[in-house]
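A.B. asks: Questions regarding the structure given below will be posed in turn.
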Amino acid sequence: MAIPEEIINEIKYKNDIETVMAPYVALKRRGKNLVGLCPFHNEKTPSFTVYPDNGSFYCFGCGVGGDVFSFVRQIENLDYIDAVKLLAERSGIALPQDGYDDSMQKLKTTIFEINRETAKFYHNYLMSPEGKWALDYLTGRGLSVATIKHFGLGAAPDGWDNLIKHLKGLGYSIPDMIQANVIGKSQRGTYYDRFRKRVMFPIINIRGKVIGFSGRAMPGEDKMGGKYVNTSDTPVYKKSDNLFGMNFAKNHCDERIILVEGNMDVISLHQAGFENAVAALGTAFTEEQAKLLSRYTNEIVLIMDSDEAGQKAARRASNILQNTGINIRVVLLPEGKDPDEFIKKNGAPRFEALLLGAVSEIEYKLLAAVNGIDISVEDGKVKYLNKAAEIIAESNDIITRDIYIGKLSEKYGISRTAIKDKVEEIRKSNHRRRDKREFEEMVHPRFEKTDVNPEKRMYPAAVAAEETVIAILMQHPDFYETAIERLKPENMLTAVNRRIYKFICECIQSGRNPDLSYFGEALSPAEMGYLSALANSEKGDKNALIVLKDSIKVILDEGLRKTENPKDMSTDDWAQNLQKIIESKQKGK
């Protein structure tokens, strides 16, 4: 490994996996292990398992897994070295400066620097006499100079190469500016500033680093390029993973986070004292953004614009958020208003009153369901009540269902029994569909879709045996001599298992214990999940030495069959025979 093993072990020792995961996953003890809802995919039944004994984790729903470095790598969207460096910084451990390829880290550092200098350039221009047009626009929108400085707002000059010249003067190269997405390249091969004659909103991550920009055209000047131009995805920025204002809101969100639609909504609310407001970034609200919010608060208040597009966005966000387990409430703004406009016209006390009057998610859905339905006629009333029953049926809380069944009964003059029976009928149907889906996922687990081992269908018996060998050696490295004497890495039939087996052999041969941390840099995140599943499996629990020898025999026999008659390799008989052998040995027969 590029980083010495003793340093990796020290970092891992000082970063207990449960403690590192605590801000992201609510874990509950189940026997000697811990379980929780996976932060990497939406689920309602916990399938994310942590194994404190060996400091690893695995999700049986999506297949993600590994050690504490793997977790940080994926939850923070980092590469392996960056994940190690982050945990090292947290625990005060110095890393060696040489011995590994840090070209990607250097590129990211350069992009962060370019973004920082670009943000300073835009802000300084805004505050200069030449930028008065943009400053007048922002102050005309009700923003104070203090707020403008707090958010680091700026303006892009009306020119083609102002920023290019500035960054060149600081020593940055054109290719790095392109990577940062602050400049573009024309079809003629010339370079130009991406943002021109726009008010600039720097996008800052939760660590306080500028990761991108959103540029707003002046009113009436948005015909060329649209009202907003946003940074495209870069090595340091993915808009679906970030939220505008989250760098400030994360410090003010113990009670709730307010989710609004636009940057100006966020800034206006913060200026008025509501510093827990955030917004999505130039895209529809995403599952990744929902997971980010769920790390910091237990309640989200949705306040979208009152037009149809805003209400559609609210419904979409509500549907995504309900899978996180967060409590959701919705504020209904007066017709034609957005949060920015409302708070400027009515002030903070009236907005606070709106927050206090926020309705529950289910009540909002019931109110929204009536749109487009004429409930003054019987057919319309029946149509609405059926939609309302579907909404109520989504709740797993019997008291909540009873309350809203009563409200519908009283309001529309329908018996409680009729509505309750309809709700229960829908719930039973939903349960049947869910049970069928869960059964299908058990038979065809979703994590297989990652296709870690695409050769599995060609060599089912060999793969089952290879996985058993890997699992046993991860759990019983003392069997290494027995394994390597009979099975060389080149005897493995599938490429991914051949590579993993080779790493394990090299690890044990060099006197190391085959801990997952040894493989973090060499394996992809998907392969780490695969290896974590094997390392924590029960394949080596009983008669491991006998099972190891039998599995090796199967691999060698399959290799011989492949040489003699490759067409026969896709049959399932050998996989079934292997399973019978393993089960027989584990039972001690």
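Please note that chains go A, B, ... in the order of the structure tokens, that every chain numbers its residues from 1, and that ligands are numbered from 1 in the order shown.
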Per DSSP on the backbone, what are the helix (DSSP H, G or I) residues of region 283-462 of chain A, as number ranges by chain?

C.D. replies: A: 287-294, 308-324, 339-356, 361-369, 378-393, 398-412, 416-443, 446-450, 460-462

A.B. asks: Keeping C-alpha atoms, export the residues of the selection given above as a compact mmCIF listing (two decimals), in the first residue's frame.

C.D. replies:
```txt
# COMPACT_ATOMS: atom_id res chain seq x y z
CA GLU A 287 -32.69 11.61 -3.18
CA GLU A 288 -29.07 12.62 -2.50
CA GLN A 289 -30.22 16.02 -1.22
CA ALA A 290 -32.85 14.33 0.95
CA LYS A 291 -30.15 12.12 2.51
CA LEU A 292 -27.99 15.18 3.16
CA LEU A 293 -30.86 16.90 4.98
CA SER A 294 -31.64 13.79 7.01
CA GLU A 308 -48.41 25.06 -10.30
CA ALA A 309 -44.70 24.44 -10.93
CA GLY A 310 -43.93 25.21 -7.29
CA GLN A 311 -46.65 22.90 -6.01
CA LYS A 312 -45.45 20.14 -8.33
CA ALA A 313 -41.95 20.61 -6.90
CA ALA A 314 -43.38 20.43 -3.36
CA ARG A 315 -45.16 17.15 -4.11
CA ARG A 316 -42.01 15.66 -5.62
CA ALA A 317 -39.85 16.75 -2.68
CA SER A 318 -42.43 15.40 -0.23
CA ASN A 319 -42.47 11.99 -1.93
CA ILE A 320 -38.67 11.77 -1.84
CA LEU A 321 -38.37 12.97 1.76
CA GLN A 322 -40.93 10.51 3.11
CA ASN A 323 -38.46 7.68 2.47
CA THR A 324 -35.92 9.23 4.86
CA PRO A 339 -40.99 33.14 0.23
CA ASP A 340 -38.79 36.07 -0.86
CA GLU A 341 -41.77 38.19 -1.88
CA PHE A 342 -43.87 37.21 1.14
CA ILE A 343 -41.28 38.06 3.77
CA LYS A 344 -40.43 41.41 2.19
CA LYS A 345 -44.06 42.42 2.08
CA ASN A 346 -45.22 40.99 5.41
CA GLY A 347 -42.11 40.75 7.59
CA ALA A 348 -40.61 38.07 9.84
CA PRO A 349 -43.50 37.84 12.40
CA ARG A 350 -46.05 36.96 9.69
CA PHE A 351 -43.65 34.41 8.23
CA GLU A 352 -43.14 32.89 11.67
CA ALA A 353 -46.91 32.57 11.92
CA LEU A 354 -46.89 30.73 8.58
CA LEU A 355 -44.34 28.28 9.95
CA LEU A 356 -46.43 27.67 13.05
CA GLU A 361 -47.55 16.09 4.88
CA ILE A 362 -50.75 14.06 4.78
CA GLU A 363 -52.93 17.15 5.22
CA TYR A 364 -51.07 18.93 2.43
CA LYS A 365 -51.58 15.98 0.11
CA LEU A 366 -55.28 15.90 0.96
CA LEU A 367 -55.57 19.61 0.16
CA ALA A 368 -53.60 19.26 -3.08
CA ALA A 369 -55.58 16.18 -4.21
CA GLU A 378 -71.23 13.30 -6.90
CA ASP A 379 -68.77 11.79 -9.40
CA GLY A 380 -66.16 14.37 -8.41
CA LYS A 381 -66.73 13.72 -4.72
CA VAL A 382 -66.29 9.96 -5.22
CA LYS A 383 -63.12 10.53 -7.26
CA TYR A 384 -61.64 12.80 -4.58
CA LEU A 385 -62.54 10.48 -1.68
CA ASN A 386 -60.86 7.57 -3.44
CA LYS A 387 -57.70 9.66 -3.89
CA ALA A 388 -57.94 10.77 -0.26
CA ALA A 389 -58.25 7.17 0.92
CA GLU A 390 -55.06 6.30 -0.98
CA ILE A 391 -53.25 9.17 0.77
CA ILE A 392 -54.47 8.16 4.23
CA ALA A 393 -53.54 4.52 3.54
CA ILE A 398 -53.36 4.01 13.19
CA ILE A 399 -54.21 7.19 15.15
CA THR A 400 -53.26 9.42 12.21
CA ARG A 401 -55.42 7.35 9.89
CA ASP A 402 -58.34 7.50 12.32
CA ILE A 403 -58.10 11.30 12.67
CA TYR A 404 -58.19 11.94 8.93
CA ILE A 405 -60.87 9.33 8.30
CA GLY A 406 -62.99 11.22 10.85
CA LYS A 407 -62.27 14.58 9.18
CA LEU A 408 -63.28 13.27 5.74
CA SER A 409 -66.41 11.64 7.15
CA GLU A 410 -67.51 14.83 8.86
CA LYS A 411 -66.70 17.14 5.94
CA TYR A 412 -68.25 15.08 3.14
CA ARG A 416 -66.53 6.50 8.88
CA THR A 417 -66.97 2.78 8.22
CA ALA A 418 -67.08 3.23 4.44
CA ILE A 419 -63.92 5.36 4.36
CA LYS A 420 -62.13 3.10 6.85
CA ASP A 421 -62.98 -0.03 4.83
CA LYS A 422 -61.66 1.64 1.66
CA VAL A 423 -58.43 2.67 3.42
CA GLU A 424 -57.87 -0.87 4.76
CA GLU A 425 -58.58 -2.35 1.33
CA ILE A 426 -55.90 -0.12 -0.18
CA ARG A 427 -53.43 -0.93 2.63
CA LYS A 428 -53.88 -4.67 2.08
CA SER A 429 -53.27 -4.20 -1.65
CA ASN A 430 -50.17 -2.12 -0.92
CA HIS A 431 -48.89 -4.78 1.49
CA ARG A 432 -49.32 -7.49 -1.12
CA ARG A 433 -47.35 -5.46 -3.65
CA ARG A 434 -44.66 -4.70 -1.08
CA ASP A 435 -44.37 -8.36 -0.04
CA LYS A 436 -44.10 -9.40 -3.67
CA ARG A 437 -41.40 -6.77 -4.29
CA GLU A 438 -39.44 -7.83 -1.20
CA PHE A 439 -39.67 -11.48 -2.23
CA GLU A 440 -38.39 -10.63 -5.70
CA GLU A 441 -35.51 -8.70 -4.15
CA MET A 442 -34.64 -11.72 -2.00
CA VAL A 443 -34.62 -13.99 -5.03
CA ARG A 446 -30.58 -5.57 -6.09
CA PHE A 447 -26.91 -5.52 -5.22
CA GLU A 448 -26.25 -8.07 -7.97
CA LYS A 449 -27.08 -5.30 -10.45
CA THR A 450 -23.74 -3.69 -9.65
CA PRO A 460 -21.80 -20.30 -11.53
CA ALA A 461 -20.13 -23.25 -9.79
CA ALA A 462 -16.67 -21.75 -9.99
```

A.B. asks: Which neighbours of Arg196 (chain A) fall inside 7 Å, counting only C-alpha atoms, when residues of the same chain fewer than 4 positions from it are skipped, and could you give them as JSON, numbers by chain?

C.D. replies: {"A": [156, 157, 158, 159]}

A.B. asks: Put those residues in a file: N, CA and C atoms, as a PDB file, in the first residue's frame.

C.D. replies:
```pdb
ATOM      1  N   ALA A 156     -20.504  39.200 -12.498  1.00  0.00           N
ATOM      2  CA  ALA A 156     -19.577  38.911 -13.590  1.00  0.00           C
ATOM      3  C   ALA A 156     -19.610  40.079 -14.567  1.00  0.00           C
ATOM      4  N   PRO A 157     -18.450  40.638 -14.918  1.00  0.00           N
ATOM      5  CA  PRO A 157     -18.419  41.761 -15.867  1.00  0.00           C
ATOM      6  C   PRO A 157     -18.971  41.370 -17.227  1.00  0.00           C
ATOM      7  N   ASP A 158     -19.368  42.357 -17.995  1.00  0.00           N
ATOM      8  CA  ASP A 158     -19.896  42.128 -19.343  1.00  0.00           C
ATOM      9  C   ASP A 158     -18.732  42.093 -20.324  1.00  0.00           C
ATOM     10  N   GLY A 159     -17.989  41.014 -20.316  1.00  0.00           N
ATOM     11  CA  GLY A 159     -16.847  40.862 -21.212  1.00  0.00           C
ATOM     12  C   GLY A 159     -16.552  39.393 -21.425  1.00  0.00           C
TER      13      GLY A 159
END
```

A.B. asks: Gly36 (chain A): which residues within 6 Å, counting only C-alpha atoms, same-chain residues fewer than 3 positions away excluded, as a ChimeraX atom specification?

C.D. replies: /A:26-27,46,48

A.B. asks: Keeping only N, CA and C atoms, write the selected residues to a file as a PDB file, in the first residue's frame.

C.D. replies:
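Saved file selection_3.pdb follows:
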```
ATOM      1  N   ALA A  26     -28.783   6.181  11.917  1.00  0.00           N
ATOM      2  CA  ALA A  26     -29.266   5.830  13.258  1.00  0.00           C
ATOM      3  C   ALA A  26     -29.185   4.315  13.402  1.00  0.00           C
ATOM      4  N   LEU A  27     -28.245   3.852  14.213  1.00  0.00           N
ATOM      5  CA  LEU A  27     -27.991   2.421  14.348  1.00  0.00           C
ATOM      6  C   LEU A  27     -28.617   1.861  15.617  1.00  0.00           C
ATOM      7  N   PRO A  46     -34.629  -1.808   7.727  1.00  0.00           N
ATOM      8  CA  PRO A  46     -33.165  -1.731   7.832  1.00  0.00           C
ATOM      9  C   PRO A  46     -32.458  -2.936   7.218  1.00  0.00           C
ATOM     10  N   PHE A  48     -28.930  -2.239   6.413  1.00  0.00           N
ATOM     11  CA  PHE A  48     -27.558  -1.764   6.571  1.00  0.00           C
ATOM     12  C   PHE A  48     -27.012  -2.336   7.877  1.00  0.00           C
TER      13      PHE A  48
END
```

A.B. asks: Using only C-alpha atoms for the distances, tell me which of A:Ala119, A:Val330, A:Ile258, A:Ile267 is nearest to Arg141 (chain A).

C.D. replies: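 When distances to Arg141 (chain A) are compared using only C-alpha atoms, the smallest one comes from A:Ile267.
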
A.B. asks: One decimal, in Å: what's the spacing between CA of Gln271 (chain A) and CA of Thr147 (chain A)?

C.D. replies: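 Value for the CA of Gln271 (chain A)-CA of Thr147 (chain A) distance: 6.4 Å.
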
A.B. asks: Identify which of the residues A:Arg498, A:His166, A:Lys549, A:Arg207 lies closest to Thr482 (chain A), counting only C-alpha atoms when measuring atom-to-atom distances.

C.D. replies: A:Lys549

A.B. asks: Using only C-alpha atoms for the distances, tell me which of A:Pro235, A:Pro4, A:Pro489, A:Gly529 is nearest to Ile178 (chain A).

C.D. replies: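 Using only C-alpha atoms, the shortest distance to Ile178 (chain A) belongs to A:Pro235.
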
A.B. asks: Excluding Lys250 (chain A) and residues on its chain fewer than 3 positions from it, collect all residues at most 12 Å away from it, counting only C-alpha atoms, and give them as a ChimeraX atom specification.

C.D. replies: /A:205-208,243-247,253-258,275-278,292-297
